[in-house]
Amino acid sequence: MKTFKVLSILLSYPQTEWVSHLDELEKVIVDEEILSKKKLKGISQLIANLRDSDLIECQERYVATFDRGASHSLHLFEHIHGESRDRGQAMIDLMEMYNANGLDVNTSDLPDYLPVFLEFLSTGNLAQASHFLGETAKVLTLISERLAKKDLPYQHVFSALIEIAGEKVNRKEIKKIVAAEGDENSFENVDGNWEEPEAFGKNLFKSKDYLHEKIAMNIHSSNPHSQPNAGKPVQQEQ
């Protein structure tokens, strides 16, 4: 599942090591044929944006997008729990899920950091990835709508992930939340940028069957029929 590895890289801080290989990264996604033509076009636009900018510009744009406020945070649980104590337990649960599926997270990043989550998805199959992305669909849609509102190119990664998730989300409700949000860059909202409220009132990673899934699922199993939602087709956005 190299597509998820590439999407993880594209959401990482721009570094010469991978920015100099954008053509190869794009080819991987095209060749794997997981995304629709519409979503591929969006990813290609982001890659072209990176390719046409020098490294410093790429880095400045990345910081401005993801590090100057919590609204676009790549830490998924920040959008679910804010800074509540539930976030800590959710981190433990997610790390246990990684470990139970044979992934040893050897990084200083927190387990809910989206590039790490995508690394996890890259070790499984498409049915597994769709299942787990479905658990995060509301958060992904929230971030996607916020990025789209500002016409930021990283929106295309989130749009692609939402397509793979194939989970129905009340987009109108989320659009209404985003439309009501003020300008996070205004003077009045500077402090509020770092006080992200809980956008949703529950841990979206924990479905009613979460513990069963965490124990029963074997990410390295060669039998796709043993996986949750193995037969579930990926629904593409119309």
# chains A, B, ... in the order shown; residues from 1 in each chain; ligands from 1
call {"tool": "residues_around", "arguments": {"residues": "segment 152-155 of chain A", "least_positions_apart": "6", "cutoff": "8 Å", "atoms": "only C-alpha atoms", "output": "list of chain:residue names"}}
result
A:Leu11, A:Gln45, A:Leu46, A:Asn49, A:Thr65, A:Ile143, A:Ser144, A:Glu145
call {"tool": "write_last_selection", "arguments": {"atoms": "N, CA and C atoms", "output": "short mmCIF file (atom, residue, chain, number, x, y, z; two decimals), in the first residue's frame"}}
result
data_model
loop_
_atom_site.label_atom_id
_atom_site.label_comp_id
_atom_site.auth_asym_id
_atom_site.auth_seq_id
_atom_site.Cartn_x
_atom_site.Cartn_y
_atom_site.Cartn_z
N LEU A 11 2.49 14.87 3.69
CA LEU A 11 2.03 15.60 4.87
C LEU A 11 3.15 15.84 5.88
N GLN A 45 -1.75 18.39 -8.31
CA GLN A 45 -1.69 19.84 -8.11
C GLN A 45 -0.82 20.20 -6.91
N LEU A 46 -0.96 19.42 -5.83
CA LEU A 46 -0.12 19.65 -4.65
C LEU A 46 1.34 19.40 -4.99
N ASN A 49 2.71 22.15 -6.98
CA ASN A 49 2.93 23.31 -6.11
C ASN A 49 4.25 23.20 -5.38
N THR A 65 0.59 26.43 7.36
CA THR A 65 -0.62 25.62 7.25
C THR A 65 -0.89 24.79 8.49
N ILE A 143 -10.92 18.92 8.73
CA ILE A 143 -9.66 19.55 8.30
C ILE A 143 -9.71 19.88 6.81
N SER A 144 -10.26 18.97 6.02
CA SER A 144 -10.37 19.20 4.58
C SER A 144 -11.17 20.45 4.27
N GLU A 145 -12.31 20.62 4.96
CA GLU A 145 -13.16 21.79 4.72
C GLU A 145 -12.46 23.08 5.14
#
call {"tool": "residues_around", "arguments": {"residues": "Asp104 of chain A", "least_positions_apart": "2", "cutoff": "12 Å", "atoms": "only C-alpha atoms", "output": "list in words"}}
result
Met95, Glu96, Met97, Tyr98, Asn99, Ala100, Asn101, Gly102, Asn106, Thr107, Pro111, Val116, Glu119, Phe120 and Thr123 of chain A
call {"tool": "residues_around", "arguments": {"residues": "Ile177 of chain A", "least_positions_apart": "5", "cutoff": "10 Å", "atoms": "only C-alpha atoms", "output": "PyMOL selection string"}}
result
chain A and resi 142+145-146+171-172+199
call {"tool": "write_last_selection", "arguments": {"atoms": "N, CA and C atoms", "output": "CSV table (one decimal), in the first residue's frame"}}
result
chain,number,residue,atom,x,y,z
A,142,LEU,N,-13.4,17.6,8.5
A,142,LEU,CA,-13.3,18.9,9.2
A,142,LEU,C,-12.0,19.6,8.7
A,145,GLU,N,-12.3,20.6,5.0
A,145,GLU,CA,-13.2,21.8,4.7
A,145,GLU,C,-12.5,23.1,5.1
A,146,ARG,N,-11.7,23.0,6.2
A,146,ARG,CA,-11.0,24.2,6.7
A,146,ARG,C,-9.9,24.6,5.7
A,171,ARG,N,-21.5,16.1,5.7
A,171,ARG,CA,-20.7,17.2,5.2
A,171,ARG,C,-21.3,18.6,5.4
A,172,LYS,N,-22.6,18.6,5.2
A,172,LYS,CA,-23.3,19.9,5.4
A,172,LYS,C,-23.1,20.5,6.9
A,199,ALA,N,-14.1,19.2,18.7
A,199,ALA,CA,-15.1,19.4,17.6
A,199,ALA,C,-16.2,18.3,17.6
call {"tool": "residues_around", "arguments": {"residues": "segment 30-34 of chain A", "least_positions_apart": "4", "cutoff": "9 Å", "atoms": "only C-alpha atoms", "output": "VMD selection string"}}
result
chain A and resid 1 to 3 25 to 26 40 126 164
call {"tool": "write_last_selection", "arguments": {"atoms": "C-alpha atoms", "output": "mmCIF file, in the first residue's frame"}}
result
data_model
loop_
_atom_site.group_PDB
_atom_site.id
_atom_site.type_symbol
_atom_site.label_atom_id
_atom_site.label_comp_id
_atom_site.auth_asym_id
_atom_site.auth_seq_id
_atom_site.Cartn_x
_atom_site.Cartn_y
_atom_site.Cartn_z
ATOM 1 C CA MET A 1 0.000 0.000 0.000
ATOM 2 C CA LYS A 2 2.587 2.518 -1.155
ATOM 3 C CA THR A 3 -0.048 5.191 -1.724
ATOM 4 C CA LEU A 25 6.283 9.798 -5.567
ATOM 5 C CA GLU A 26 3.638 10.874 -8.043
ATOM 6 C CA LEU A 40 -5.183 12.004 -8.553
ATOM 7 C CA LEU A 126 -6.976 -1.548 1.134
ATOM 8 C CA ILE A 164 -10.652 5.884 0.358
#
call {"tool": "residues_around", "arguments": {"residues": "segment 136-141 of chain A", "least_positions_apart": "4", "cutoff": "8 Å", "atoms": "only C-alpha atoms", "output": "mmCIF file with N, CA and C atoms, in the first residue's frame"}}
result
data_model
loop_
_atom_site.group_PDB
_atom_site.id
_atom_site.type_symbol
_atom_site.label_atom_id
_atom_site.label_comp_id
_atom_site.auth_asym_id
_atom_site.auth_seq_id
_atom_site.Cartn_x
_atom_site.Cartn_y
_atom_site.Cartn_z
ATOM 1 N N LEU A 76 -4.690 13.982 15.173
ATOM 2 C CA LEU A 76 -6.113 13.731 15.005
ATOM 3 C C LEU A 76 -6.922 13.882 16.285
ATOM 4 N N HIS A 79 -8.511 17.233 17.539
ATOM 5 C CA HIS A 79 -9.803 17.674 17.023
ATOM 6 C C HIS A 79 -10.959 16.947 17.704
ATOM 7 N N ILE A 80 -10.664 15.829 18.348
ATOM 8 C CA ILE A 80 -11.711 15.032 19.001
ATOM 9 C C ILE A 80 -11.807 15.364 20.484
ATOM 10 N N PHE A 132 -10.163 1.663 8.839
ATOM 11 C CA PHE A 132 -9.609 2.565 9.847
ATOM 12 C C PHE A 132 -9.797 4.032 9.471
ATOM 13 N N GLU A 145 -12.306 20.623 4.956
ATOM 14 C CA GLU A 145 -13.156 21.789 4.718
ATOM 15 C C GLU A 145 -12.463 23.081 5.143
ATOM 16 N N PHE A 158 -6.304 15.290 2.057
ATOM 17 C CA PHE A 158 -7.436 14.926 2.905
ATOM 18 C C PHE A 158 -8.620 14.463 2.067
ATOM 19 N N SER A 159 -8.827 15.125 0.943
ATOM 20 C CA SER A 159 -9.905 14.721 0.043
ATOM 21 C C SER A 159 -9.678 13.295 -0.464
ATOM 22 N N LEU A 161 -7.990 10.899 1.103
ATOM 23 C CA LEU A 161 -8.195 9.975 2.221
ATOM 24 C C LEU A 161 -9.677 9.757 2.499
ATOM 25 N N ILE A 162 -10.456 10.812 2.364
ATOM 26 C CA ILE A 162 -11.904 10.700 2.568
ATOM 27 C C ILE A 162 -12.510 9.776 1.522
ATOM 28 N N ALA A 165 -11.759 6.241 2.494
ATOM 29 C CA ALA A 165 -12.550 5.835 3.664
ATOM 30 C C ALA A 165 -13.927 5.345 3.249
ATOM 31 N N GLU A 167 -16.698 6.453 3.889
ATOM 32 C CA GLU A 167 -17.655 6.571 4.995
ATOM 33 C C GLU A 167 -18.545 7.785 4.777
ATOM 34 N N VAL A 169 -20.452 10.912 5.711
ATOM 35 C CA VAL A 169 -20.321 11.925 6.755
ATOM 36 C C VAL A 169 -21.278 13.054 6.439
ATOM 37 N N ARG A 171 -21.547 16.136 5.651
ATOM 38 C CA ARG A 171 -20.669 17.219 5.203
ATOM 39 C C ARG A 171 -21.317 18.586 5.399
ATOM 40 N N ILE A 174 -20.655 19.768 8.876
ATOM 41 C CA ILE A 174 -19.264 20.180 9.054
ATOM 42 C C ILE A 174 -18.991 21.491 8.327
ATOM 43 N N LEU A 204 -13.429 9.009 17.889
ATOM 44 C CA LEU A 204 -13.933 8.381 16.680
ATOM 45 C C LEU A 204 -13.180 7.110 16.309
ATOM 46 N N PHE A 205 -12.029 6.868 16.950
ATOM 47 C CA PHE A 205 -11.297 5.650 16.682
ATOM 48 C C PHE A 205 -11.926 4.470 17.411
#
call {"tool": "atom_distance", "arguments": {"atom1": "atom CA of Met91 of chain A", "atom2": "atom CA of Ser73 of chain A"}}
result
15.5 Å
call {"tool": "atom_distance", "arguments": {"atom1": "atom CA of Glu135 of chain A", "atom2": "atom CA of Lys37 of chain A"}}
result
24.4 Å
call {"tool": "atom_distance", "arguments": {"atom1": "atom CA of Ser8 of chain A", "atom2": "atom CA of Ser36 of chain A"}}
result
18.3 Å
call {"tool": "closest_residue", "arguments": {"among": "A:Val63, A:Leu35, A:Leu10, A:Ala160", "to": "Ile47 of chain A", "atoms": "only C-alpha atoms"}}
result
A:Leu10
call {"tool": "select_by_dssp", "arguments": {"residues": "segment 22-178 of chain A", "states": "alpha helix (DSSP H)", "output": "ChimeraX atom specification"}}
result
/A:22-32,37-51,55-66,76-81,86-100,114-122,126-135,137-149,155-165,171-178
call {"tool": "decode", "arguments": {"residues": "segment 131-152 of chain A", "atoms": "N, CA and C atoms", "output": "short mmCIF file (atom, residue, chain, number, x, y, z; two decimals), in the first residue's frame"}}
result
data_model
loop_
_atom_site.label_atom_id
_atom_site.label_comp_id
_atom_site.auth_asym_id
_atom_site.auth_seq_id
_atom_site.Cartn_x
_atom_site.Cartn_y
_atom_site.Cartn_z
N HIS A 131 -11.31 0.71 6.38
CA HIS A 131 -11.96 0.52 7.68
C HIS A 131 -11.47 1.55 8.70
N PHE A 132 -10.16 1.66 8.84
CA PHE A 132 -9.61 2.56 9.85
C PHE A 132 -9.80 4.03 9.47
N LEU A 133 -9.69 4.36 8.19
CA LEU A 133 -9.95 5.74 7.78
C LEU A 133 -11.40 6.12 8.03
N GLY A 134 -12.29 5.13 7.90
CA GLY A 134 -13.70 5.40 8.19
C GLY A 134 -13.91 5.87 9.61
N GLU A 135 -13.06 5.38 10.54
CA GLU A 135 -13.15 5.79 11.94
C GLU A 135 -12.73 7.25 12.13
N THR A 136 -12.01 7.79 11.17
CA THR A 136 -11.50 9.16 11.29
C THR A 136 -12.16 10.11 10.31
N ALA A 137 -13.20 9.64 9.61
CA ALA A 137 -13.76 10.40 8.49
C ALA A 137 -14.24 11.80 8.89
N LYS A 138 -14.85 11.94 10.07
CA LYS A 138 -15.33 13.25 10.49
C LYS A 138 -14.18 14.24 10.67
N VAL A 139 -13.11 13.77 11.29
CA VAL A 139 -11.96 14.64 11.52
C VAL A 139 -11.31 15.02 10.20
N LEU A 140 -11.13 14.04 9.32
CA LEU A 140 -10.53 14.31 8.02
C LEU A 140 -11.37 15.31 7.23
N THR A 141 -12.69 15.17 7.32
CA THR A 141 -13.58 16.08 6.60
C THR A 141 -13.51 17.49 7.19
N LEU A 142 -13.43 17.57 8.50
CA LEU A 142 -13.31 18.87 9.16
C LEU A 142 -12.05 19.61 8.69
N ILE A 143 -10.92 18.92 8.73
CA ILE A 143 -9.66 19.55 8.30
C ILE A 143 -9.71 19.88 6.81
N SER A 144 -10.26 18.97 6.02
CA SER A 144 -10.37 19.20 4.58
C SER A 144 -11.17 20.45 4.27
N GLU A 145 -12.31 20.62 4.96
CA GLU A 145 -13.16 21.79 4.72
C GLU A 145 -12.46 23.08 5.14
N ARG A 146 -11.72 23.02 6.22
CA ARG A 146 -10.98 24.21 6.67
C ARG A 146 -9.90 24.60 5.67
N LEU A 147 -9.20 23.61 5.13
CA LEU A 147 -8.18 23.89 4.13
C LEU A 147 -8.79 24.38 2.83
N ALA A 148 -9.92 23.78 2.45
CA ALA A 148 -10.59 24.19 1.21
C ALA A 148 -11.12 25.62 1.32
N LYS A 149 -11.58 25.99 2.50
CA LYS A 149 -12.08 27.34 2.72
C LYS A 149 -11.01 28.39 2.42
N LYS A 150 -9.76 28.02 2.67
CA LYS A 150 -8.63 28.94 2.43
C LYS A 150 -7.90 28.61 1.13
N ASP A 151 -8.45 27.66 0.38
CA ASP A 151 -7.88 27.24 -0.91
C ASP A 151 -6.41 26.84 -0.76
N LEU A 152 -6.12 26.04 0.26
CA LEU A 152 -4.76 25.58 0.50
C LEU A 152 -4.54 24.22 -0.17
#
